[in-house]
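Peer 1: Handing you this structure, nothing more for now.
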Amino acid sequence: SLRGQFSLSKKNAQKQAGQKKKQGHNQKAAAKAALTYTCTVCRTQMPDPKTFKQHFESKHPKTPLPPELADVQA
């Protein structure tokens with residue numbers, strides 16, 4: 001019957017949506033794991049020292065640069 005097919009496709013759509021949610025969560029977890037530099041002033045996390053230095057110079061210009069960023073080319 002047509003009605004039976006509809007309920008199957010609806011279940012399938014829900015199942016796929018559930019799988020997409022899981023993938024999205026995994027991507028978030030992977031992105032979070034890659035954020036290895038944490039700003040000492042505002043605790044924002046960044047993936048690399050170059051981004052960290054750019055962030056620091058634009059967001060905290062009055063604060064002296066942390067020593068670990070002194071030799072980073074941004």
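Each chain in the structure tokens gets a letter, A, B, ..., in the order shown, and its residues are numbered from 1; ligands are numbered from 1 in order too.
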Fewer than 3 positions away in the same chain doesn't count, so skip those; otherwise give me all residues within 12 Å of Lys59 (chain A), counting only C-alpha atoms, as a PDB file with all heavy atoms, in the first residue's frame.
Peer 2:
ATOM      1  N   CYS A  39      44.037  31.663  24.316  1.00  0.00           N
ATOM      2  CA  CYS A  39      44.416  33.035  24.639  1.00  0.00           C
ATOM      3  C   CYS A  39      44.460  33.206  26.150  1.00  0.00           C
ATOM      4  O   CYS A  39      43.524  32.837  26.849  1.00  0.00           O
ATOM      5  CB  CYS A  39      43.423  34.008  24.010  1.00  0.00           C
ATOM      6  SG  CYS A  39      43.804  35.720  24.405  1.00  0.00           S
ATOM      7  N   THR A  40      45.555  33.773  26.631  1.00  0.00           N
ATOM      8  CA  THR A  40      45.743  33.943  28.074  1.00  0.00           C
ATOM      9  C   THR A  40      44.844  35.046  28.627  1.00  0.00           C
ATOM     10  O   THR A  40      44.589  35.087  29.828  1.00  0.00           O
ATOM     11  CB  THR A  40      47.217  34.280  28.382  1.00  0.00           C
ATOM     12  OG1 THR A  40      47.620  35.337  27.503  1.00  0.00           O
ATOM     13  CG2 THR A  40      48.104  33.081  28.169  1.00  0.00           C
ATOM     14  N   VAL A  41      44.338  35.932  27.759  1.00  0.00           N
ATOM     15  CA  VAL A  41      43.511  37.045  28.213  1.00  0.00           C
ATOM     16  C   VAL A  41      42.032  36.667  28.239  1.00  0.00           C
ATOM     17  O   VAL A  41      41.358  36.815  29.249  1.00  0.00           O
ATOM     18  CB  VAL A  41      43.737  38.297  27.328  1.00  0.00           C
ATOM     19  CG1 VAL A  41      42.855  39.442  27.787  1.00  0.00           C
ATOM     20  CG2 VAL A  41      45.202  38.697  27.343  1.00  0.00           C
ATOM     21  N   CYS A  42      41.510  36.156  27.107  1.00  0.00           N
ATOM     22  CA  CYS A  42      40.060  35.919  27.016  1.00  0.00           C
ATOM     23  C   CYS A  42      39.692  34.440  26.887  1.00  0.00           C
ATOM     24  O   CYS A  42      38.530  34.103  26.716  1.00  0.00           O
ATOM     25  CB  CYS A  42      39.481  36.700  25.831  1.00  0.00           C
ATOM     26  SG  CYS A  42      40.127  36.159  24.238  1.00  0.00           S
ATOM     27  N   ARG A  43      40.689  33.556  26.933  1.00  0.00           N
ATOM     28  CA  ARG A  43      40.459  32.098  26.886  1.00  0.00           C
ATOM     29  C   ARG A  43      39.879  31.586  25.563  1.00  0.00           C
ATOM     30  O   ARG A  43      39.352  30.482  25.507  1.00  0.00           O
ATOM     31  CB  ARG A  43      39.547  31.644  28.042  1.00  0.00           C
ATOM     32  CG  ARG A  43      40.138  31.918  29.411  1.00  0.00           C
ATOM     33  CD  ARG A  43      41.015  30.770  29.886  1.00  0.00           C
ATOM     34  NE  ARG A  43      41.683  31.122  31.131  1.00  0.00           N
ATOM     35  CZ  ARG A  43      43.001  31.011  31.298  1.00  0.00           C
ATOM     36  NH1 ARG A  43      43.771  30.594  30.329  1.00  0.00           N
ATOM     37  NH2 ARG A  43      43.546  31.312  32.447  1.00  0.00           N
ATOM     38  N   THR A  44      39.955  32.388  24.504  1.00  0.00           N
ATOM     39  CA  THR A  44      39.520  31.920  23.190  1.00  0.00           C
ATOM     40  C   THR A  44      40.554  30.920  22.681  1.00  0.00           C
ATOM     41  O   THR A  44      41.751  31.127  22.855  1.00  0.00           O
ATOM     42  CB  THR A  44      39.413  33.112  22.205  1.00  0.00           C
ATOM     43  OG1 THR A  44      38.466  34.021  22.718  1.00  0.00           O
ATOM     44  CG2 THR A  44      38.994  32.656  20.820  1.00  0.00           C
ATOM     45  N   THR A  51      47.474  32.257  13.950  1.00  0.00           N
ATOM     46  CA  THR A  51      46.122  32.751  14.240  1.00  0.00           C
ATOM     47  C   THR A  51      46.084  33.380  15.630  1.00  0.00           C
ATOM     48  O   THR A  51      45.485  34.430  15.841  1.00  0.00           O
ATOM     49  CB  THR A  51      45.107  31.592  14.164  1.00  0.00           C
ATOM     50  OG1 THR A  51      45.267  30.934  12.923  1.00  0.00           O
ATOM     51  CG2 THR A  51      43.680  32.086  14.311  1.00  0.00           C
ATOM     52  N   PHE A  52      46.753  32.730  16.578  1.00  0.00           N
ATOM     53  CA  PHE A  52      46.799  33.215  17.954  1.00  0.00           C
ATOM     54  C   PHE A  52      47.424  34.611  17.997  1.00  0.00           C
ATOM     55  O   PHE A  52      46.896  35.530  18.626  1.00  0.00           O
ATOM     56  CB  PHE A  52      47.592  32.220  18.814  1.00  0.00           C
ATOM     57  CG  PHE A  52      47.663  32.539  20.290  1.00  0.00           C
ATOM     58  CD1 PHE A  52      46.868  33.517  20.863  1.00  0.00           C
ATOM     59  CD2 PHE A  52      48.534  31.838  21.103  1.00  0.00           C
ATOM     60  CE1 PHE A  52      46.944  33.800  22.238  1.00  0.00           C
ATOM     61  CE2 PHE A  52      48.609  32.111  22.467  1.00  0.00           C
ATOM     62  CZ  PHE A  52      47.819  33.092  23.026  1.00  0.00           C
ATOM     63  N   LYS A  53      48.547  34.791  17.284  1.00  0.00           N
ATOM     64  CA  LYS A  53      49.225  36.089  17.295  1.00  0.00           C
ATOM     65  C   LYS A  53      48.341  37.169  16.663  1.00  0.00           C
ATOM     66  O   LYS A  53      48.216  38.276  17.194  1.00  0.00           O
ATOM     67  CB  LYS A  53      50.569  36.006  16.570  1.00  0.00           C
ATOM     68  CG  LYS A  53      51.372  37.292  16.696  1.00  0.00           C
ATOM     69  CD  LYS A  53      52.786  37.143  16.206  1.00  0.00           C
ATOM     70  CE  LYS A  53      53.570  38.424  16.462  1.00  0.00           C
ATOM     71  NZ  LYS A  53      54.984  38.270  16.090  1.00  0.00           N
ATOM     72  N   GLN A  54      47.693  36.830  15.541  1.00  0.00           N
ATOM     73  CA  GLN A  54      46.799  37.787  14.879  1.00  0.00           C
ATOM     74  C   GLN A  54      45.657  38.171  15.825  1.00  0.00           C
ATOM     75  O   GLN A  54      45.302  39.347  15.934  1.00  0.00           O
ATOM     76  CB  GLN A  54      46.244  37.202  13.577  1.00  0.00           C
ATOM     77  CG  GLN A  54      47.283  37.124  12.478  1.00  0.00           C
ATOM     78  CD  GLN A  54      46.800  36.343  11.271  1.00  0.00           C
ATOM     79  OE1 GLN A  54      45.836  35.586  11.349  1.00  0.00           O
ATOM     80  NE2 GLN A  54      47.469  36.532  10.157  1.00  0.00           N
ATOM     81  N   HIS A  55      45.096  37.173  16.493  1.00  0.00           N
ATOM     82  CA  HIS A  55      44.016  37.404  17.462  1.00  0.00           C
ATOM     83  C   HIS A  55      44.506  38.336  18.564  1.00  0.00           C
ATOM     84  O   HIS A  55      43.852  39.313  18.904  1.00  0.00           O
ATOM     85  CB  HIS A  55      43.551  36.076  18.058  1.00  0.00           C
ATOM     86  CG  HIS A  55      42.843  36.234  19.375  1.00  0.00           C
ATOM     87  ND1 HIS A  55      41.502  36.532  19.472  1.00  0.00           N
ATOM     88  CD2 HIS A  55      43.303  36.171  20.658  1.00  0.00           C
ATOM     89  CE1 HIS A  55      41.178  36.628  20.757  1.00  0.00           C
ATOM     90  NE2 HIS A  55      42.238  36.417  21.491  1.00  0.00           N
ATOM     91  N   PHE A  56      45.664  38.018  19.108  1.00  0.00           N
ATOM     92  CA  PHE A  56      46.195  38.765  20.249  1.00  0.00           C
ATOM     93  C   PHE A  56      46.435  40.219  19.878  1.00  0.00           C
ATOM     94  O   PHE A  56      46.097  41.139  20.633  1.00  0.00           O
ATOM     95  CB  PHE A  56      47.494  38.114  20.742  1.00  0.00           C
ATOM     96  CG  PHE A  56      47.757  38.365  22.197  1.00  0.00           C
ATOM     97  CD1 PHE A  56      47.295  37.477  23.151  1.00  0.00           C
ATOM     98  CD2 PHE A  56      48.435  39.494  22.608  1.00  0.00           C
ATOM     99  CE1 PHE A  56      47.514  37.707  24.500  1.00  0.00           C
ATOM    100  CE2 PHE A  56      48.656  39.736  23.962  1.00  0.00           C
ATOM    101  CZ  PHE A  56      48.197  38.841  24.911  1.00  0.00           C
ATOM    102  N   LYS A  62      46.810  46.404  23.888  1.00  0.00           N
ATOM    103  CA  LYS A  62      47.486  47.044  25.022  1.00  0.00           C
ATOM    104  C   LYS A  62      48.222  46.027  25.906  1.00  0.00           C
ATOM    105  O   LYS A  62      49.052  46.411  26.736  1.00  0.00           O
ATOM    106  CB  LYS A  62      46.473  47.833  25.863  1.00  0.00           C
ATOM    107  CG  LYS A  62      45.931  49.052  25.139  1.00  0.00           C
ATOM    108  CD  LYS A  62      44.969  49.830  26.038  1.00  0.00           C
ATOM    109  CE  LYS A  62      44.556  51.131  25.393  1.00  0.00           C
ATOM    110  NZ  LYS A  62      43.524  50.940  24.352  1.00  0.00           N
ATOM    111  N   THR A  63      47.913  44.759  25.721  1.00  0.00           N
ATOM    112  CA  THR A  63      48.529  43.713  26.536  1.00  0.00           C
ATOM    113  C   THR A  63      49.841  43.280  25.891  1.00  0.00           C
ATOM    114  O   THR A  63      49.896  43.062  24.689  1.00  0.00           O
ATOM    115  CB  THR A  63      47.580  42.496  26.632  1.00  0.00           C
ATOM    116  OG1 THR A  63      46.291  42.956  27.024  1.00  0.00           O
ATOM    117  CG2 THR A  63      48.073  41.465  27.637  1.00  0.00           C
ATOM    118  N   PRO A  64      50.925  43.162  26.682  1.00  0.00           N
ATOM    119  CA  PRO A  64      52.193  42.694  26.091  1.00  0.00           C
ATOM    120  C   PRO A  64      52.055  41.281  25.518  1.00  0.00           C
ATOM    121  O   PRO A  64      51.362  40.435  26.090  1.00  0.00           O
ATOM    122  CB  PRO A  64      53.186  42.718  27.259  1.00  0.00           C
ATOM    123  CG  PRO A  64      52.415  43.062  28.480  1.00  0.00           C
ATOM    124  CD  PRO A  64      51.033  43.477  28.094  1.00  0.00           C
ATOM    125  N   LEU A  65      52.710  41.051  24.398  1.00  0.00           N
ATOM    126  CA  LEU A  65      52.644  39.765  23.696  1.00  0.00           C
ATOM    127  C   LEU A  65      53.268  38.664  24.560  1.00  0.00           C
ATOM    128  O   LEU A  65      54.347  38.856  25.125  1.00  0.00           O
ATOM    129  CB  LEU A  65      53.410  39.892  22.370  1.00  0.00           C
ATOM    130  CG  LEU A  65      53.015  38.999  21.220  1.00  0.00           C
ATOM    131  CD1 LEU A  65      51.586  39.295  20.767  1.00  0.00           C
ATOM    132  CD2 LEU A  65      53.964  39.197  20.056  1.00  0.00           C
TER     133      LEU A  65
END
Peer 1: Measuring atom to atom with only C-alpha atoms, identify which of A:Pro67, A:His60, A:Leu35, A:Gln73 is nearest to Pro47 (chain A).
Peer 2: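 Closest to Pro47 (chain A), using only C-alpha atoms: A:Leu35.
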